[in-house]
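Here's the structure, in structure tokens; my notes come after.
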Amino acid sequence: MSKGSSNFYLAVAVVLSAIALFDIMSAIIKYLTAFYSVQQLSVFRNIFGIPPTILILLWTKDWIDSGRPIIIRQWKHALLRGFIVAGAQVFLYLGLINLDFAVATTIAFSGPLFITALSIPILGHRIGPWRWAAVAIGFLGVLLVVRPNAADFTFYAFMPACAALCYASVSVSSRLFDESIPTALINMYSIVGALAGSVGLLVFTGNVETVASLEHWLLLIAMGAAGGTAVFCLVYAYRLAEPSSLSPFEYFGIPFSFVLGWLIFNEAPFGRLIPGVFLIVGGGLMIVWREHMHKKQ
């Protein structure tokens, strides 16, 4: 097996792990939004996401061998990504509050379509008609799930799509950093930026509640740890393989989120998800197929 192939399969495994962690984090957030504001949850998410990031950085051999540098050349870009993540968190949490869990996460999984589109202006990739057709099919699926003309439509249905756009820009831009910079260090900058952004939003709104119980503290810690580890995994994976090839594997999170919504929140929104979910996944699979054919040629 070539190094490129082994890197790709490792990247796929890391992405699948990240998606499972993101779904677990989202389920915890949906439960806790009954008690705390989205701004406060965003702050806790970033605070408790720092420890796993620090531990991973301390165990990074390349970072240790290079003398444990803290300052990186693209530090402004790294912090800006953090502010974008803070915005994505608020968008996603608003969607989780106001939509069924599986519906919100399915819309959020439109990220691979945004990744493909953003690869053009950010990375300079060339996107042919087949990939554009896949993106169009996927966006049609998103619209069918959102249902902007339906009687049950709310503005919050667009919030997970806004979150997906923000997360996609963060994922794609991870390939702009120097290869010598450890992924954990990039993630540290981003989470510091996200914490600063979320604290700013919380101070501006003033929506602060006292944590009610030990159970809630444990859930908040688990939420932050899962989210922080998941972001690291995504950044690591997208530095191993091209985003447009890897991103469709994020769709495996859709059935997992449906199971979580059914088991935890007693939701089964089949009518809302079908047929849009098939178009979203189908668009992603078209991108995978076209990438495979392109490499064969």
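Naming scheme: A, B, ... for chains in displayed order of the structure tokens; residues 1 onward per chain; ligands 1 onward as shown.
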Next on the checklist: Need to verify the contact set: A:Val12, 10 Å, only C-alpha atoms, exclusion of same-chain residues closer than 2 positions in sequence. Can you return it as JSON, numbers by chain?
Outcome noted: {"A": [6, 7, 8, 9, 10, 14, 15, 16, 17, 18, 234, 237, 238, 240, 241, 245, 246, 247, 248, 249, 250]}
Quick one: contact table of stretch 182-259 of chain A to stretch 55-68 of chain A, 8 Å max, nearest atom pair and distance in Å to one decimal per residue, counting only C-alpha atoms, chain and number order, as a tab-separated table?
residue	atom	partner	partner_atom	distance
A:Pro182	CA	A:Trp63	CA	6.2
A:Ala184	CA	A:Leu57	CA	5.0
A:Leu185	CA	A:Leu57	CA	6.3
Against stretch 31-46 of chain A, which residues of stretch 169-254 of chain A fall within 6 Å? For each one I want the closest pair of atoms and the distance in Å (one decimal), counting only C-alpha atoms, rows by chain and increasing residue number, as a tab-separated table.
residue	atom	partner	partner_atom	distance
A:Leu195	CA	A:Asn46	CA	5.3
A:Ser198	CA	A:Val43	CA	5.3
A:Val199	CA	A:Val43	CA	5.9
A:Leu202	CA	A:Gln39	CA	5.2
A:Gly224	CA	A:Arg45	CA	4.1
Item to check | Close residues, stretch 20-29 of chain A itself excluded, 9 Å, only C-alpha atoms, min 6 positions apart in chain, as a PyMOL selection string | outcome: chain A and resi 38+41+92-93+96-97+101+105+219-220+222-227+229-231+252-254+256-257+260-261+264-265
Checklist entry - Do you know which residues are at most 8 Å from stretch 165-168 of chain A counting only C-alpha atoms, after dropping those on the same chain fewer than 4 positions away, and could you put them as an MDAnalysis selection string? => result chainID A and resid 84:85 87:88 111:112 114:115 118 161 172
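Relative to atom CA of A:Tyr251, atom CA of A:Ile19 is found at 8.6 Å.
When only C-alpha atoms are used to compute distances to A:Phe109, the closest of the residues A:Met286, A:Ala163, A:Ile72, A:Ala157 turns out to be A:Ala163.
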Checklist entry - How would you write, as a PyMOL selection string, the set of residues in stretch 9-148 of chain A that DSSP gives as helix (DSSP H, G or I)? => result chain A and resi 9-32+38-47+50-58+61-65+75-98+101-108+111-123+129-146
Please, could you write that set of residues out with C-alpha atoms as an mmCIF file, in the first residue's frame?
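Printed below is selection_24.cif as written:
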data_model
loop_
_atom_site.group_PDB
_atom_site.id
_atom_site.type_symbol
_atom_site.label_atom_id
_atom_site.label_comp_id
_atom_site.auth_asym_id
_atom_site.auth_seq_id
_atom_site.Cartn_x
_atom_site.Cartn_y
_atom_site.Cartn_z
ATOM 1 C CA TYR A 9 -7.488 5.506 4.837
ATOM 2 C CA LEU A 10 -6.110 6.910 8.085
ATOM 3 C CA ALA A 11 -7.804 10.227 7.293
ATOM 4 C CA VAL A 12 -11.120 8.441 6.677
ATOM 5 C CA ALA A 13 -10.896 6.648 10.032
ATOM 6 C CA VAL A 14 -10.099 9.927 11.800
ATOM 7 C CA VAL A 15 -13.017 11.728 10.105
ATOM 8 C CA LEU A 16 -15.464 8.986 11.131
ATOM 9 C CA SER A 17 -14.249 9.266 14.722
ATOM 10 C CA ALA A 18 -14.674 13.046 14.600
ATOM 11 C CA ILE A 19 -18.220 12.803 13.270
ATOM 12 C CA ALA A 20 -19.250 10.386 16.019
ATOM 13 C CA LEU A 21 -17.808 12.754 18.628
ATOM 14 C CA PHE A 22 -19.586 15.735 17.053
ATOM 15 C CA ASP A 23 -22.929 13.912 17.184
ATOM 16 C CA ILE A 24 -22.396 13.020 20.842
ATOM 17 C CA MET A 25 -21.480 16.644 21.577
ATOM 18 C CA SER A 26 -24.568 17.885 19.724
ATOM 19 C CA ALA A 27 -26.860 15.526 21.655
ATOM 20 C CA ILE A 28 -25.469 16.843 24.949
ATOM 21 C CA ILE A 29 -25.928 20.423 23.747
ATOM 22 C CA LYS A 30 -29.540 19.840 22.723
ATOM 23 C CA TYR A 31 -30.267 18.459 26.177
ATOM 24 C CA LEU A 32 -28.538 21.345 27.977
ATOM 25 C CA VAL A 38 -26.335 29.055 23.484
ATOM 26 C CA GLN A 39 -23.733 31.721 24.299
ATOM 27 C CA GLN A 40 -22.984 30.160 27.689
ATOM 28 C CA LEU A 41 -22.820 26.660 26.222
ATOM 29 C CA SER A 42 -20.405 27.922 23.572
ATOM 30 C CA VAL A 43 -18.121 29.298 26.303
ATOM 31 C CA PHE A 44 -18.194 25.999 28.223
ATOM 32 C CA ARG A 45 -17.635 24.069 25.009
ATOM 33 C CA ASN A 46 -14.444 26.010 24.322
ATOM 34 C CA ILE A 47 -13.170 26.059 27.922
ATOM 35 C CA ILE A 50 -8.776 23.244 25.757
ATOM 36 C CA PRO A 51 -7.466 20.407 28.046
ATOM 37 C CA PRO A 52 -7.617 17.630 25.407
ATOM 38 C CA THR A 53 -5.986 19.994 22.918
ATOM 39 C CA ILE A 54 -3.145 20.729 25.360
ATOM 40 C CA LEU A 55 -2.649 17.031 26.121
ATOM 41 C CA ILE A 56 -2.486 16.167 22.431
ATOM 42 C CA LEU A 57 -0.006 19.001 21.841
ATOM 43 C CA LEU A 58 2.212 17.856 24.722
ATOM 44 C CA LYS A 61 6.626 14.366 18.868
ATOM 45 C CA ASP A 62 7.300 16.796 16.005
ATOM 46 C CA TRP A 63 6.381 19.757 18.221
ATOM 47 C CA ILE A 64 8.652 18.521 21.018
ATOM 48 C CA ASP A 65 11.548 17.832 18.633
ATOM 49 C CA TRP A 75 -1.114 33.183 13.869
ATOM 50 C CA LYS A 76 -3.628 35.792 12.702
ATOM 51 C CA HIS A 77 -5.235 33.291 10.350
ATOM 52 C CA ALA A 78 -5.320 30.668 13.109
ATOM 53 C CA LEU A 79 -7.090 33.003 15.539
ATOM 54 C CA LEU A 80 -9.533 34.148 12.843
ATOM 55 C CA ARG A 81 -10.538 30.528 12.315
ATOM 56 C CA GLY A 82 -11.394 30.435 16.007
ATOM 57 C CA PHE A 83 -13.767 33.393 15.716
ATOM 58 C CA ILE A 84 -15.446 31.637 12.781
ATOM 59 C CA VAL A 85 -15.826 28.507 14.922
ATOM 60 C CA ALA A 86 -17.496 30.582 17.661
ATOM 61 C CA GLY A 87 -20.049 31.807 15.120
ATOM 62 C CA ALA A 88 -20.584 28.273 13.850
ATOM 63 C CA GLN A 89 -21.263 27.066 17.377
ATOM 64 C CA VAL A 90 -23.990 29.647 17.958
ATOM 65 C CA PHE A 91 -25.613 28.859 14.595
ATOM 66 C CA LEU A 92 -25.581 25.117 15.288
ATOM 67 C CA TYR A 93 -26.884 25.423 18.840
ATOM 68 C CA LEU A 94 -29.787 27.624 17.694
ATOM 69 C CA GLY A 95 -30.683 24.956 15.164
ATOM 70 C CA LEU A 96 -30.504 22.203 17.765
ATOM 71 C CA ILE A 97 -32.851 24.122 20.070
ATOM 72 C CA ASN A 98 -35.538 24.774 17.480
ATOM 73 C CA PHE A 101 -32.048 16.566 16.456
ATOM 74 C CA ALA A 102 -31.768 14.491 13.279
ATOM 75 C CA VAL A 103 -33.102 17.356 11.118
ATOM 76 C CA ALA A 104 -30.617 19.889 12.518
ATOM 77 C CA THR A 105 -27.647 17.561 12.188
ATOM 78 C CA THR A 106 -28.652 16.444 8.685
ATOM 79 C CA ILE A 107 -28.708 20.054 7.498
ATOM 80 C CA ALA A 108 -25.380 20.635 9.247
ATOM 81 C CA GLY A 111 -20.652 20.811 5.012
ATOM 82 C CA PRO A 112 -19.014 18.582 2.357
ATOM 83 C CA LEU A 113 -20.898 20.499 -0.334
ATOM 84 C CA PHE A 114 -19.595 23.788 1.040
ATOM 85 C CA ILE A 115 -16.108 22.297 1.277
ATOM 86 C CA THR A 116 -16.153 21.407 -2.397
ATOM 87 C CA ALA A 117 -17.337 24.885 -3.371
ATOM 88 C CA LEU A 118 -14.868 26.669 -1.049
ATOM 89 C CA SER A 119 -11.949 24.633 -2.402
ATOM 90 C CA ILE A 120 -12.032 26.898 -5.471
ATOM 91 C CA PRO A 121 -11.428 30.341 -3.906
ATOM 92 C CA ILE A 122 -9.376 29.117 -0.913
ATOM 93 C CA LEU A 123 -7.219 26.339 -2.379
ATOM 94 C CA PRO A 129 -19.309 20.090 -14.188
ATOM 95 C CA TRP A 130 -19.800 16.728 -12.464
ATOM 96 C CA ARG A 131 -18.785 18.111 -9.099
ATOM 97 C CA TRP A 132 -20.884 21.217 -9.592
ATOM 98 C CA ALA A 133 -23.828 18.975 -10.423
ATOM 99 C CA ALA A 134 -23.160 17.023 -7.201
ATOM 100 C CA VAL A 135 -23.097 20.261 -5.208
ATOM 101 C CA ALA A 136 -26.380 21.379 -6.827
ATOM 102 C CA ILE A 137 -28.047 18.047 -6.011
ATOM 103 C CA GLY A 138 -26.843 18.248 -2.430
ATOM 104 C CA PHE A 139 -28.115 21.794 -1.981
ATOM 105 C CA LEU A 140 -31.472 20.740 -3.387
ATOM 106 C CA GLY A 141 -31.544 18.051 -0.708
ATOM 107 C CA VAL A 142 -30.802 20.664 1.950
ATOM 108 C CA LEU A 143 -33.689 22.806 0.699
ATOM 109 C CA LEU A 144 -36.028 19.816 0.807
ATOM 110 C CA VAL A 145 -35.089 19.193 4.435
ATOM 111 C CA VAL A 146 -35.333 22.887 5.334
#
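Comparing A:Asp100, A:Ile70, A:Val277, A:Leu214 by their smallest distance to A:Tyr156, the closest is A:Asp100 (using only C-alpha atoms).
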Checklist entry - A:Ala164, A:Ile71, A:Met159, A:Ile186: which is nearest A:Val235, counting only C-alpha atoms? => result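 The answer is A:Ile186, which sits nearest to A:Val235.
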Checklist entry - Nearest to A:Cys233: which of A:Pro69, A:Ser169, A:Ser110, A:Ser174 is it, counting only C-alpha atoms? => result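 The closest residue to A:Cys233 is A:Ser174.
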